[in-house]
Each structure stands twice: as C-alpha cells, then as structure tokens.
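*Asks:* mmCIF, C-alpha atoms, file final_25.cif:
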```
data_work
#
loop_
_atom_site.label_atom_id
_atom_site.label_comp_id
_atom_site.auth_asym_id
_atom_site.auth_seq_id
_atom_site.Cartn_x
_atom_site.Cartn_y
_atom_site.Cartn_z
CA MET A 1 -15.46 -30.70 10.01
CA LEU A 2 -16.24 -28.90 6.78
CA THR A 3 -19.87 -28.26 5.99
CA PRO A 4 -21.38 -29.87 2.88
CA GLU A 5 -21.31 -26.47 1.15
CA GLU A 6 -17.63 -26.01 1.98
CA THR A 7 -16.86 -29.51 0.76
CA ARG A 8 -18.47 -28.74 -2.58
CA ARG A 9 -16.87 -25.34 -2.96
CA TYR A 10 -13.32 -26.40 -2.06
CA ARG A 11 -13.40 -29.82 -3.74
CA ARG A 12 -10.37 -29.11 -5.93
CA HIS A 13 -8.35 -28.25 -2.82
CA LEU A 14 -9.55 -31.39 -1.09
CA GLN A 15 -8.38 -33.48 -4.01
CA LEU A 16 -4.81 -32.34 -3.44
CA PRO A 17 -3.16 -34.66 -0.92
CA GLU A 18 -0.90 -31.77 0.11
CA ILE A 19 -3.99 -29.88 1.32
CA GLY A 20 -6.96 -32.22 1.85
CA GLU A 21 -9.59 -31.59 4.51
CA ALA A 22 -7.00 -30.93 7.22
CA GLY A 23 -5.45 -28.16 5.18
CA GLN A 24 -8.78 -26.64 4.29
CA LEU A 25 -9.69 -26.58 7.96
CA LEU A 26 -6.44 -24.70 8.62
CA LEU A 27 -7.47 -22.11 6.06
CA LYS A 28 -10.94 -21.87 7.55
CA ALA A 29 -9.48 -21.13 10.97
CA ALA A 30 -6.92 -18.63 9.68
CA ARG A 31 -7.01 -14.87 10.13
CA VAL A 32 -5.12 -12.77 7.57
CA LEU A 33 -4.67 -9.01 7.65
CA VAL A 34 -4.34 -7.34 4.25
CA VAL A 35 -2.95 -3.83 4.50
CA GLY A 36 -4.03 -1.83 1.48
CA ALA A 37 -7.00 -2.60 -0.77
CA GLY A 38 -5.33 -1.16 -3.85
CA GLY A 39 -3.62 -2.74 -6.83
CA LEU A 40 -1.91 -5.47 -4.79
CA GLY A 41 -4.60 -5.88 -2.16
CA CYS A 42 -7.37 -6.52 -4.67
CA PRO A 43 -6.02 -9.80 -6.13
CA VAL A 44 -4.72 -10.86 -2.71
CA LEU A 45 -8.18 -10.46 -1.17
CA GLN A 46 -9.95 -12.16 -4.08
CA TYR A 47 -7.79 -15.26 -4.08
CA LEU A 48 -7.62 -15.63 -0.31
CA ALA A 49 -11.39 -15.31 -0.09
CA ALA A 50 -11.87 -17.80 -2.90
CA ALA A 51 -9.46 -20.22 -1.20
CA GLY A 52 -11.53 -20.19 1.99
CA VAL A 53 -9.37 -18.21 4.40
CA GLY A 54 -11.80 -17.86 7.28
CA THR A 55 -11.32 -14.21 8.25
CA LEU A 56 -9.84 -11.41 6.19
CA GLY A 57 -9.01 -8.05 7.77
CA ILE A 58 -8.90 -5.13 5.33
CA ILE A 59 -7.05 -1.91 6.18
CA ASP A 60 -7.45 1.07 3.87
CA ALA A 61 -8.30 4.69 4.63
CA ASP A 62 -8.74 5.79 1.01
CA VAL A 63 -11.76 6.12 -1.24
CA VAL A 64 -12.04 4.73 -4.75
CA GLU A 65 -10.80 7.10 -7.45
CA GLU A 66 -11.42 6.81 -11.18
CA SER A 67 -7.67 6.43 -11.80
CA ASN A 68 -7.71 3.27 -9.64
CA LEU A 69 -10.03 1.36 -11.94
CA HIS A 70 -7.46 0.22 -14.52
CA ARG A 71 -5.72 -1.97 -11.95
CA GLN A 72 -7.81 -2.24 -8.75
CA ILE A 73 -10.21 -4.84 -10.03
CA LEU A 74 -12.52 -5.11 -7.02
CA PHE A 75 -13.96 -1.70 -7.91
CA GLY A 76 -16.13 -0.29 -10.70
CA PRO A 77 -17.30 3.16 -11.85
CA THR A 78 -20.21 3.25 -9.41
CA ASP A 79 -17.78 2.80 -6.49
CA VAL A 80 -15.88 6.04 -7.13
CA GLY A 81 -15.88 8.12 -3.95
CA ARG A 82 -16.75 5.20 -1.68
CA PRO A 83 -14.38 3.76 0.99
CA LYS A 84 -12.16 1.07 -0.51
CA ALA A 85 -12.19 -1.22 2.52
CA ALA A 86 -15.99 -1.27 2.73
CA VAL A 87 -16.46 -1.83 -1.02
CA ALA A 88 -13.87 -4.63 -0.99
CA ALA A 89 -15.71 -6.37 1.86
CA GLU A 90 -19.00 -6.15 -0.05
CA VAL A 91 -17.47 -7.71 -3.16
CA LEU A 92 -15.80 -10.49 -1.19
CA ALA A 93 -19.11 -11.32 0.49
CA ARG A 94 -20.60 -11.90 -2.95
CA LEU A 95 -17.61 -13.90 -4.14
CA ASN A 96 -17.57 -16.18 -1.10
CA PRO A 97 -20.18 -15.72 1.65
CA LEU A 98 -18.46 -18.44 3.68
CA VAL A 99 -15.59 -16.14 4.70
CA ALA A 100 -15.77 -13.26 7.16
CA THR A 101 -14.33 -9.80 6.60
CA GLU A 102 -13.29 -7.19 9.14
CA VAL A 103 -13.18 -3.64 7.79
CA HIS A 104 -10.62 -1.19 9.15
CA ALA A 105 -11.22 2.05 7.24
CA LEU A 106 -8.31 3.82 8.87
CA ARG A 107 -4.74 4.94 8.39
CA LEU A 108 -2.24 2.56 9.91
CA ASP A 109 0.02 4.34 12.40
CA VAL A 110 2.18 3.79 15.44
CA GLY A 111 -0.80 4.07 17.76
CA ASN A 112 -2.94 1.32 16.22
CA VAL A 113 -0.53 -1.04 14.46
CA ARG A 114 0.22 -3.29 17.43
CA ALA A 115 -3.40 -4.15 18.21
CA LEU A 116 -4.28 -4.68 14.56
CA VAL A 117 -1.35 -6.95 13.74
CA ASP A 118 -1.74 -8.92 16.97
CA ALA A 119 -5.29 -9.93 16.02
CA TYR A 120 -4.20 -11.90 12.92
CA ASP A 121 -2.00 -14.87 12.01
CA VAL A 122 -0.35 -13.49 8.87
CA VAL A 123 0.03 -9.94 7.56
CA VAL A 124 0.07 -9.11 3.83
CA ASP A 125 1.60 -5.77 2.88
CA GLY A 126 0.00 -4.21 -0.19
CA THR A 127 0.98 -0.61 0.56
CA ASP A 128 2.89 1.80 -1.64
CA ASN A 129 5.10 3.65 0.83
CA PHE A 130 8.22 2.76 2.76
CA ALA A 131 7.07 4.27 6.06
CA THR A 132 4.23 1.75 6.37
CA ARG A 133 6.45 -1.12 5.25
CA TYR A 134 8.95 -0.45 8.02
CA LEU A 135 6.16 0.04 10.54
CA LEU A 136 4.54 -3.27 9.60
CA ASN A 137 7.86 -5.07 9.73
CA ASP A 138 8.64 -3.75 13.20
CA ALA A 139 5.20 -4.72 14.48
CA CYS A 140 5.41 -8.21 12.96
CA VAL A 141 8.86 -8.80 14.45
CA LEU A 142 7.66 -7.69 17.88
CA LEU A 143 4.58 -9.92 17.72
CA GLY A 144 6.09 -12.88 15.84
CA LYS A 145 3.89 -12.64 12.72
CA PRO A 146 4.96 -13.56 9.17
CA LEU A 147 4.86 -10.63 6.73
CA VAL A 148 4.13 -11.28 3.04
CA SER A 149 5.47 -8.27 1.19
CA GLY A 150 4.91 -7.07 -2.36
CA ALA A 151 5.94 -3.97 -4.28
CA ILE A 152 5.52 -2.65 -7.81
CA TYR A 153 7.19 0.06 -9.89
CA LYS A 154 6.09 0.90 -13.46
CA PHE A 155 6.66 -2.52 -15.12
CA GLU A 156 8.49 -4.35 -12.34
CA GLY A 157 7.42 -6.15 -9.20
CA GLN A 158 8.87 -8.04 -6.26
CA VAL A 159 7.66 -10.40 -3.53
CA SER A 160 9.22 -11.82 -0.38
CA VAL A 161 8.17 -13.24 2.99
CA PHE A 162 9.73 -11.72 6.08
CA ASN A 163 9.96 -12.86 9.69
CA TYR A 164 8.99 -16.42 8.82
CA ARG A 165 10.16 -18.97 11.38
CA GLY A 166 13.18 -16.94 12.43
CA GLY A 167 14.03 -15.94 8.88
CA PRO A 168 15.21 -12.53 7.69
CA THR A 169 13.09 -9.43 8.25
CA TYR A 170 12.37 -6.48 5.99
CA ARG A 171 15.18 -4.57 7.72
CA CYS A 172 17.61 -7.39 6.89
CA LEU A 173 17.01 -6.71 3.20
CA PHE A 174 16.57 -2.93 3.43
CA PRO A 175 18.41 -1.74 6.55
CA VAL A 176 18.51 1.90 5.49
CA PRO A 177 15.20 3.66 4.74
CA PRO A 178 15.27 5.49 1.40
CA GLY A 179 14.91 9.25 1.02
CA VAL A 180 11.71 10.89 -0.19
CA GLU A 181 13.01 11.19 -3.76
CA GLU A 182 13.68 7.43 -3.77
CA SER A 183 10.12 6.60 -2.69
CA PRO A 184 7.91 6.85 -5.80
CA ASN A 185 4.36 5.51 -5.92
CA CYS A 186 1.83 4.80 -8.63
CA SER A 187 0.27 8.27 -8.54
CA ALA A 188 3.65 9.82 -9.26
CA THR A 189 5.12 7.35 -11.74
CA GLY A 190 2.30 5.31 -13.26
CA VAL A 191 2.05 1.53 -13.43
CA LEU A 192 1.08 -1.13 -15.96
CA GLY A 193 -2.45 -2.11 -15.02
CA VAL A 194 -1.95 -5.88 -15.02
CA LEU A 195 1.30 -5.81 -13.02
CA PRO A 196 -0.36 -5.65 -9.56
CA GLY A 197 -2.41 -8.67 -10.55
CA VAL A 198 0.71 -10.73 -11.17
CA VAL A 199 2.46 -9.58 -8.01
CA GLY A 200 -0.65 -9.71 -5.82
CA THR A 201 -1.42 -13.24 -6.97
CA ALA A 202 2.14 -14.24 -6.03
CA GLN A 203 1.55 -12.72 -2.58
CA ALA A 204 -1.66 -14.71 -2.19
CA THR A 205 0.23 -17.85 -3.17
CA GLU A 206 2.90 -17.25 -0.52
CA THR A 207 0.23 -16.53 2.09
CA LEU A 208 -1.47 -19.84 1.42
CA LYS A 209 1.89 -21.66 1.59
CA VAL A 210 2.59 -20.07 4.97
CA LEU A 211 -0.84 -21.03 6.32
CA LEU A 212 -0.63 -24.58 4.97
CA ASN A 213 3.07 -25.18 5.69
CA LEU A 214 3.36 -26.00 2.01
CA GLY A 215 6.35 -25.96 -0.32
CA GLU A 216 9.32 -23.61 -0.01
CA VAL A 217 8.23 -20.19 1.27
CA LEU A 218 9.99 -17.09 -0.11
CA SER A 219 11.82 -16.51 3.15
CA GLY A 220 15.33 -15.17 2.61
CA ARG A 221 14.55 -14.85 -1.09
CA LEU A 222 13.33 -11.91 -3.15
CA TRP A 223 11.34 -12.78 -6.29
CA LEU A 224 11.68 -10.18 -9.05
CA PHE A 225 9.45 -9.89 -12.12
CA ASP A 226 9.87 -7.72 -15.23
CA ALA A 227 6.65 -7.48 -17.23
CA LEU A 228 8.38 -6.04 -20.31
CA THR A 229 10.66 -9.04 -20.77
CA PHE A 230 8.74 -11.54 -18.64
CA ALA A 231 12.04 -12.33 -16.97
CA THR A 232 12.08 -13.49 -13.37
CA ARG A 233 14.93 -13.68 -10.91
CA THR A 234 15.18 -14.84 -7.32
CA LEU A 235 17.81 -13.21 -5.13
CA ARG A 236 18.86 -14.73 -1.83
CA PHE A 237 19.57 -12.61 1.23
CA ALA A 238 20.62 -13.53 4.74
CA ARG A 239 19.35 -12.69 8.19
CA ARG A 240 21.30 -9.82 9.74
CA PRO A 241 21.21 -10.33 13.51
CA GLU A 242 21.64 -6.64 14.26
CA GLN A 243 18.68 -5.78 12.01
CA ALA A 244 16.51 -8.81 12.75
CA VAL A 245 16.18 -7.89 16.44
CA LEU A 246 14.79 -4.44 15.68
CA HIS A 247 11.08 -3.97 16.33
CA LEU A 248 8.61 -1.37 17.58
CA GLY A 249 10.26 -1.31 20.97
CA THR A 250 13.89 -1.15 19.84
CA ALA A 251 14.07 0.37 16.33
CA ASP A 252 14.66 4.02 15.58
CA PRO A 253 11.20 5.23 14.46
CA ALA A 254 12.75 7.62 11.93
CA ALA A 255 11.79 5.20 9.14
CA TYR A 256 8.10 5.81 9.86
CA ALA A 257 8.30 9.18 11.58
CA GLU A 258 5.67 10.62 9.25
CA LEU A 259 3.18 8.10 10.65
CA CYS A 260 3.84 9.40 14.16
CA GLN A 261 3.17 13.03 13.37
CA PRO A 262 -0.13 14.93 13.51
CA ALA A 263 -1.93 15.16 10.20
CA LEU A 264 -0.60 17.83 7.85
CA PRO A 265 -2.85 20.79 7.07
CA THR A 266 -5.02 20.04 4.07
CA ILE A 267 -7.73 21.71 2.03
CA THR A 268 -10.52 20.04 0.08
CA ALA A 269 -11.36 20.81 -3.53
CA ALA A 270 -14.60 22.53 -2.48
CA GLU A 271 -12.77 24.65 0.09
CA LEU A 272 -10.15 25.64 -2.47
CA ARG A 273 -12.78 26.70 -5.01
CA HIS A 274 -14.37 28.88 -2.34
CA ALA A 275 -11.00 30.37 -1.34
CA LEU A 276 -10.05 31.15 -4.95
CA ALA A 277 -13.30 33.07 -5.37
CA GLY A 278 -12.65 35.14 -2.24
CA PRO A 279 -10.76 38.40 -1.73
CA THR A 280 -7.55 36.73 -0.49
CA ALA A 281 -7.02 33.90 -2.93
CA PRO A 282 -4.15 31.55 -1.98
CA LEU A 283 -1.00 31.14 -4.01
CA LEU A 284 -1.05 27.80 -5.85
CA LEU A 285 2.13 25.69 -6.03
CA ASP A 286 2.20 22.78 -8.49
CA VAL A 287 4.86 20.30 -7.35
CA ARG A 288 4.43 17.89 -10.25
CA GLU A 289 7.09 17.51 -12.90
CA PRO A 290 7.26 20.09 -15.74
CA HIS A 291 5.72 17.76 -18.33
CA GLU A 292 2.73 17.19 -16.03
CA TYR A 293 2.36 20.93 -15.44
CA GLY A 294 2.51 21.53 -19.19
CA ALA A 295 -0.30 19.03 -19.80
CA GLY A 296 -2.67 21.02 -17.60
CA HIS A 297 -2.60 22.96 -14.35
CA LEU A 298 -4.79 25.12 -12.15
CA PRO A 299 -5.04 28.77 -13.27
CA ASN A 300 -2.12 30.96 -12.16
CA ALA A 301 -0.39 28.06 -10.43
CA VAL A 302 3.38 28.32 -10.03
CA SER A 303 5.41 25.30 -11.12
CA LEU A 304 7.82 24.13 -8.40
CA PRO A 305 8.65 20.44 -8.97
CA LEU A 306 9.18 18.35 -5.86
CA SER A 307 12.62 17.38 -7.17
CA GLN A 308 13.65 21.07 -7.02
CA LEU A 309 11.94 21.89 -3.74
CA GLU A 310 14.95 22.53 -1.51
CA ALA A 311 16.88 24.37 -4.24
CA ARG A 312 13.99 26.76 -4.81
CA ALA A 313 12.48 26.84 -1.32
CA ALA A 314 13.26 30.55 -1.00
CA GLU A 315 10.61 31.22 -3.66
CA VAL A 316 7.86 30.00 -1.32
CA PRO A 317 6.39 32.95 0.62
CA ALA A 318 6.38 32.70 4.40
CA THR A 319 3.17 34.71 4.77
CA GLY A 320 -0.22 34.51 3.14
CA PRO A 321 -2.11 31.31 2.27
CA VAL A 322 -0.33 28.83 0.00
CA VAL A 323 -1.98 25.69 -1.40
CA VAL A 324 0.34 22.97 -2.66
CA TYR A 325 -1.01 20.38 -5.09
CA CYS A 326 0.13 17.46 -7.23
CA GLN A 327 -1.69 14.74 -9.16
CA ALA A 328 -3.30 12.82 -6.29
CA GLY A 329 -2.14 14.46 -3.06
CA THR A 330 0.89 12.36 -2.15
CA ARG A 331 3.70 14.58 -3.42
CA SER A 332 2.02 17.75 -2.17
CA ALA A 333 1.85 16.27 1.34
CA GLN A 334 5.56 15.46 1.11
CA ALA A 335 6.29 19.01 -0.02
CA VAL A 336 4.34 20.56 2.84
CA ALA A 337 6.08 18.31 5.38
CA ARG A 338 9.53 19.17 4.01
CA LEU A 339 8.87 22.90 3.89
CA GLN A 340 7.49 22.85 7.41
CA ALA A 341 10.48 20.90 8.73
CA GLY A 342 13.14 22.73 6.74
CA LEU A 343 11.91 26.34 6.82
CA GLY A 344 9.27 26.32 9.51
CA LEU A 345 6.61 27.47 7.04
CA MET A 346 3.18 27.12 8.62
CA ASN A 347 1.08 28.87 5.97
CA LEU A 348 0.86 25.84 3.67
CA GLN A 349 -1.97 23.43 2.89
CA SER A 350 -1.96 20.30 0.74
CA LEU A 351 -4.85 19.82 -1.70
CA GLU A 352 -6.66 16.59 -0.83
CA GLY A 353 -6.95 14.30 -3.84
CA GLY A 354 -4.71 16.53 -5.93
CA ILE A 355 -5.61 17.94 -9.29
CA GLN A 356 -7.50 14.79 -10.27
CA GLY A 357 -9.80 15.30 -7.30
CA TYR A 358 -10.27 18.97 -8.13
CA GLY A 359 -11.85 18.27 -11.48
CA GLU A 360 -10.98 17.78 -15.10
CA GLU A 361 -11.65 21.36 -16.21
CA PHE A 362 -8.88 23.73 -15.22
#
```
Is it possible to give me this structure as structure tokens?

*Replies:*
Amino acid sequence: MLTPEETRRYRRHLQLPEIGEAGQLLLKAARVLVVGAGGLGCPVLQYLAAAGVGTLGIIDADVVEESNLHRQILFGPTDVGRPKAAVAAEVLARLNPLVATEVHALRLDVGNVRALVDAYDVVVDGTDNFATRYLLNDACVLLGKPLVSGAIYKFEGQVSVFNYRGGPTYRCLFPVPPGVEESPNCSATGVLGVLPGVVGTAQATETLKVLLNLGEVLSGRLWLFDALTFATRTLRFARRPEQAVLHLGTADPAAYAELCQPALPTITAAELRHALAGPTAPLLLDVREPHEYGAGHLPNAVSLPLSQLEARAAEVPATGPVVVYCQAGTRSAQAVARLQAGLGLMNLQSLEGGIQGYGEEF
C-alpha cells in the first residue's frame, strides 16, 4: 500500500488508469542504476526521483567542474570540486525524500560492472564514451537487464532501449567499436546546453515505460533528434543473433580494453606547477586542435593535435619527463595510451583536469 504522503505526491500518476496504485507500487519497488551523473544523468535522475522510483543507484567518479554547469542542472557554483554522485544524491533527497539513493563514486570497469548491474532492475546509460557503452551492454546481456541508452553530439541526440525482452542489443546496432578519432565527447567538441535535457528526459520516459510495461518501448528502434531543425526520426534495426549472444563471458573485450588496463600515469595541476618551477621542467605537449591552442596554452607548450599524433609521433622524446594536456583530460589520456602502446614511451603523464583544471591564467 502507498502511504498517505505517497498518495498525495503521486496523485496525478494515480489518476492515470494506465498507472494507478498498482503501477506506482511497481515504481516504488524498482531499482534503477544510472551510469553517469552528467548532462544526461541529471535529467534522468530528477525525473525518476520525482516519479517515485524507489531506489536510484548513481555511478560517477568525476567531480563537478565549472564547465559542467551550463548543462548539468543538478549542480551549482558552490558544488565545483565536489563528487558528482554525492552532490546528485543530496539534491535528489531534497527533491523527493521518499526515494532512496545509492552512491557509487567510482569508475565502472570490468572488475565491478557485474556486481553493480546485477543489483538493479534497469540500467540507464548516460556516459560519453564507447568503451563504457559496450561494457554495460555486455553486462546487461549476461545478466538479463534492460539497458536504456542515450547519446549526444553537438546539436544531435539519440535514444534506444537494448536487451528488452529478447530484443536487439547495443552490439546489434553497433557491432564494430569505433576508433579513437570517431569517439568525440563534450569536452572535445562542445554541446548545446539544453540538448542533454531533451535526450535525458526521453531516457527517463523509456525507463518508466519499461518499469510499468507501458506503451511501445524503443526496443529495436533508434530515436534521433536534431535540435537545430527540431526534426526527429525513428530508425528500426533488427536483432543480429551472432551479436545478441555476446556478453561479458563471450565477447572480445577489445571494445572496452581501456577499462581493463591499469590507470595511466597522471599529474595534478599542483604537481605540474611544482615541476615547472624545478630544475628539470617537463616538456609540455598540447594535443588540442590548433584553434584551441591559439586561443590560449601553457607557456612553452608544443602543439601536437591528437588528430596528427601518429604522423608526428617521432617528435615526442623518449627520455625526460613529458606532460600531455588537453582541455579537460580526456584527449591527453588517449594520447598517452596510444604513445605507450605504439612506441612504448613510458616517460609521459596526462594532466588531470586538463588546461581548465590548471587555471585560467596561462
């Protein structure tokens, strides 16, 4: 039975014959894991909490950055530097104290994904990298969990539901993992601030439909949205038996190999400032694009765009300390990984938080 407070709060749900008290009780008993408390995760968490989903798990290892605030609407200026997952849980507790939150301030990887996914009924993917998307898919297929997926790029977004009642999986739609150059994220390309709100709200809608067995779930269909034209399209795709059977136990882990590896060597902004003031200052490599370098860079930094990395790899010294940086730390980590794998260079460090974490004054 719903409590009197729950009856008052969810009255508009209860008035819908398609939901009613039975449906609201389903939501109350549900456990949903939201992976990523960023642009997509914020609206997903808000609407699922408001709808009365009983337990929300939040996975995010990052801290709030000032550049997040134009789109990640659970956070404000006073939250900068604080863990996203913990801040999100605090806000949700104020929005709806009737729901429970479980904070997982960690990086999802091969070692922890199975236990995390197994503890929930539905998984919502709000991440911005393909490695985690494939990892989540393979875990959900193994454990029989629906996966509500969303993605954004500049002004465009997409949503689908994978592994729903024997339907197609993420690998059915994207059987071949993209290369690094084909894997942009918001820190590298930018994004319209309201776009994650549209896409994340669509993900929350699909999650509620899955939990309530309501309407036609986006299984075997990919919903596409273009914010510049406000055009929408829905593409149908079929289950591929040879891809649908792949999971953590049977798939080639190459798609998420980076999540299986030890952490890359990094350096903090404070450590870099100290090193630059010392007698053996490191060489600085800026792997952003030329227009970003031209807008401002660290003193004496050498421009080596990520897109030219392999062609100019010989310019990277094999001895002496080298610090690689980008805007937020994502591209520099990719550069270090590629140079280590391709040339065996072990004298490289990636600047945590990138140039925006280093400070505004260069």

*Asks:* So, with all atoms listed in the file as the atoms that count, which of A:Leu74, A:Leu26, A:Ala50, A:Cys140 lies closest to A:Ala244?

*Replies:*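 Looking at the shortest contact to A:Ala244, the residue is A:Cys140.
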
*Asks:* Could you jot down the atom CA of A:Pro299 to atom CA of A:Arg338 separation for me, Å, one decimal place?

*Replies:*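 The value is 24.6 Å.
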
*Asks:* Which residue is closest to A:Gly54? Choose from A:Pro175, A:Pro290, A:Gly359, A:Pro97 and count only C-alpha atoms.

*Replies:*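 Going through A:Pro175, A:Pro290, A:Gly359, A:Pro97 one by one, the smallest distance to A:Gly54 is for A:Pro97.
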
*Asks:* So, counting only C-alpha atoms, which residue among A:Leu283, A:Val110, A:Leu343, A:Gly354 is closest to A:Arg312?

*Replies:* A:Leu343

*Asks:* Starting from the PyMOL selection byres ((chain A and resi 276) around 12), expand the selection into actual residues of this file and give them as a VMD selection string.

*Replies:* chain A and resid 267 269 to 275 277 to 284 298 to 301 321 to 323

*Asks:* Using all atoms listed in the file, can you tell me which of A:Arg71, A:Arg331, A:Arg165, A:Lys145 comes closest to A:Gly38?

*Replies:*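 Among the listed residues, the smallest separation from A:Gly38 belongs to A:Arg71.
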
*Asks:* If you count all atoms listed in the file, which residues fall within 10 Å of A:Gln327, apart from same-chain ones fewer than 3 positions away, as a PyMOL selection string?

*Replies:* chain A and resi 187-188+286-289+292-293+297+330-332+351-358

*Asks:* So the first atom is atom CA of A:Val336 and the second is atom CA of A:Pro265; what is the distance between them in Å, to one decimal place?

*Replies:* 8.3 Å

*Asks:* Generate the missing atoms of stretch 150-170 of chain A up to N, CA, C and O atoms and report them as a PDB file, keeping the file's coordinate frame.

*Replies:*
```pdb
ATOM      1  N   GLY A 150       4.867  -7.254  -0.923  1.00  0.00           N
ATOM      2  CA  GLY A 150       4.910  -7.070  -2.360  1.00  0.00           C
ATOM      3  C   GLY A 150       5.107  -5.612  -2.700  1.00  0.00           C
ATOM      4  O   GLY A 150       4.712  -4.729  -1.937  1.00  0.00           O
ATOM      5  N   ALA A 151       5.723  -5.346  -3.842  1.00  0.00           N
ATOM      6  CA  ALA A 151       5.940  -3.970  -4.280  1.00  0.00           C
ATOM      7  C   ALA A 151       5.959  -3.942  -5.793  1.00  0.00           C
ATOM      8  O   ALA A 151       6.362  -4.923  -6.443  1.00  0.00           O
ATOM      9  N   ILE A 152       5.534  -2.814  -6.365  1.00  0.00           N
ATOM     10  CA  ILE A 152       5.520  -2.650  -7.810  1.00  0.00           C
ATOM     11  C   ILE A 152       6.095  -1.290  -8.183  1.00  0.00           C
ATOM     12  O   ILE A 152       6.018  -0.332  -7.399  1.00  0.00           O
ATOM     13  N   TYR A 153       6.660  -1.199  -9.378  1.00  0.00           N
ATOM     14  CA  TYR A 153       7.190   0.060  -9.890  1.00  0.00           C
ATOM     15  C   TYR A 153       7.142   0.007 -11.412  1.00  0.00           C
ATOM     16  O   TYR A 153       7.852  -0.787 -12.044  1.00  0.00           O
ATOM     17  N   LYS A 154       6.243   0.800 -12.001  1.00  0.00           N
ATOM     18  CA  LYS A 154       6.090   0.900 -13.460  1.00  0.00           C
ATOM     19  C   LYS A 154       5.795  -0.463 -14.083  1.00  0.00           C
ATOM     20  O   LYS A 154       4.658  -0.839 -14.255  1.00  0.00           O
ATOM     21  N   PHE A 155       6.848  -1.221 -14.466  1.00  0.00           N
ATOM     22  CA  PHE A 155       6.660  -2.520 -15.120  1.00  0.00           C
ATOM     23  C   PHE A 155       7.311  -3.657 -14.319  1.00  0.00           C
ATOM     24  O   PHE A 155       7.408  -4.770 -14.820  1.00  0.00           O
ATOM     25  N   GLU A 156       7.754  -3.369 -13.116  1.00  0.00           N
ATOM     26  CA  GLU A 156       8.490  -4.350 -12.340  1.00  0.00           C
ATOM     27  C   GLU A 156       7.829  -4.602 -10.981  1.00  0.00           C
ATOM     28  O   GLU A 156       7.191  -3.707 -10.422  1.00  0.00           O
ATOM     29  N   GLY A 157       7.990  -5.811 -10.490  1.00  0.00           N
ATOM     30  CA  GLY A 157       7.420  -6.150  -9.200  1.00  0.00           C
ATOM     31  C   GLY A 157       8.331  -7.064  -8.412  1.00  0.00           C
ATOM     32  O   GLY A 157       9.263  -7.673  -8.967  1.00  0.00           O
ATOM     33  N   GLN A 158       8.077  -7.162  -7.114  1.00  0.00           N
ATOM     34  CA  GLN A 158       8.870  -8.040  -6.260  1.00  0.00           C
ATOM     35  C   GLN A 158       8.023  -8.564  -5.117  1.00  0.00           C
ATOM     36  O   GLN A 158       7.059  -7.921  -4.695  1.00  0.00           O
ATOM     37  N   VAL A 159       8.374  -9.750  -4.628  1.00  0.00           N
ATOM     38  CA  VAL A 159       7.660 -10.400  -3.530  1.00  0.00           C
ATOM     39  C   VAL A 159       8.670 -11.101  -2.632  1.00  0.00           C
ATOM     40  O   VAL A 159       9.643 -11.684  -3.123  1.00  0.00           O
ATOM     41  N   SER A 160       8.436 -11.048  -1.332  1.00  0.00           N
ATOM     42  CA  SER A 160       9.220 -11.820  -0.380  1.00  0.00           C
ATOM     43  C   SER A 160       8.377 -12.059   0.865  1.00  0.00           C
ATOM     44  O   SER A 160       7.326 -11.438   1.045  1.00  0.00           O
ATOM     45  N   VAL A 161       8.831 -12.962   1.710  1.00  0.00           N
ATOM     46  CA  VAL A 161       8.170 -13.240   2.990  1.00  0.00           C
ATOM     47  C   VAL A 161       9.180 -12.987   4.093  1.00  0.00           C
ATOM     48  O   VAL A 161      10.261 -13.590   4.113  1.00  0.00           O
ATOM     49  N   PHE A 162       8.825 -12.108   5.011  1.00  0.00           N
ATOM     50  CA  PHE A 162       9.730 -11.720   6.080  1.00  0.00           C
ATOM     51  C   PHE A 162       9.265 -12.275   7.428  1.00  0.00           C
ATOM     52  O   PHE A 162       8.084 -12.544   7.635  1.00  0.00           O
ATOM     53  N   ASN A 163      10.242 -12.435   8.314  1.00  0.00           N
ATOM     54  CA  ASN A 163       9.960 -12.860   9.690  1.00  0.00           C
ATOM     55  C   ASN A 163       9.253 -14.209   9.760  1.00  0.00           C
ATOM     56  O   ASN A 163       8.400 -14.439  10.613  1.00  0.00           O
ATOM     57  N   TYR A 164       9.616 -15.095   8.861  1.00  0.00           N
ATOM     58  CA  TYR A 164       8.990 -16.420   8.820  1.00  0.00           C
ATOM     59  C   TYR A 164       9.896 -17.432   9.510  1.00  0.00           C
ATOM     60  O   TYR A 164      10.994 -17.717   9.046  1.00  0.00           O
ATOM     61  N   ARG A 165       9.449 -17.930  10.639  1.00  0.00           N
ATOM     62  CA  ARG A 165      10.160 -18.970  11.380  1.00  0.00           C
ATOM     63  C   ARG A 165      11.619 -18.589  11.644  1.00  0.00           C
ATOM     64  O   ARG A 165      12.544 -19.385  11.394  1.00  0.00           O
ATOM     65  N   GLY A 166      11.829 -17.380  12.110  1.00  0.00           N
ATOM     66  CA  GLY A 166      13.180 -16.940  12.430  1.00  0.00           C
ATOM     67  C   GLY A 166      13.985 -16.495  11.235  1.00  0.00           C
ATOM     68  O   GLY A 166      15.193 -16.237  11.350  1.00  0.00           O
ATOM     69  N   GLY A 167      13.332 -16.377  10.089  1.00  0.00           N
ATOM     70  CA  GLY A 167      14.030 -15.940   8.880  1.00  0.00           C
ATOM     71  C   GLY A 167      14.274 -14.446   8.872  1.00  0.00           C
ATOM     72  O   GLY A 167      13.908 -13.720   9.792  1.00  0.00           O
ATOM     73  N   PRO A 168      14.886 -13.947   7.791  1.00  0.00           N
ATOM     74  CA  PRO A 168      15.210 -12.530   7.690  1.00  0.00           C
ATOM     75  C   PRO A 168      13.960 -11.644   7.742  1.00  0.00           C
ATOM     76  O   PRO A 168      12.856 -12.065   7.383  1.00  0.00           O
ATOM     77  N   THR A 169      14.161 -10.417   8.191  1.00  0.00           N
ATOM     78  CA  THR A 169      13.090  -9.430   8.250  1.00  0.00           C
ATOM     79  C   THR A 169      13.254  -8.431   7.114  1.00  0.00           C
ATOM     80  O   THR A 169      14.237  -8.474   6.364  1.00  0.00           O
ATOM     81  N   TYR A 170      12.293  -7.526   7.014  1.00  0.00           N
ATOM     82  CA  TYR A 170      12.370  -6.480   5.990  1.00  0.00           C
ATOM     83  C   TYR A 170      13.624  -5.626   6.186  1.00  0.00           C
ATOM     84  O   TYR A 170      14.275  -5.218   5.222  1.00  0.00           O
TER      85      TYR A 170
END
```
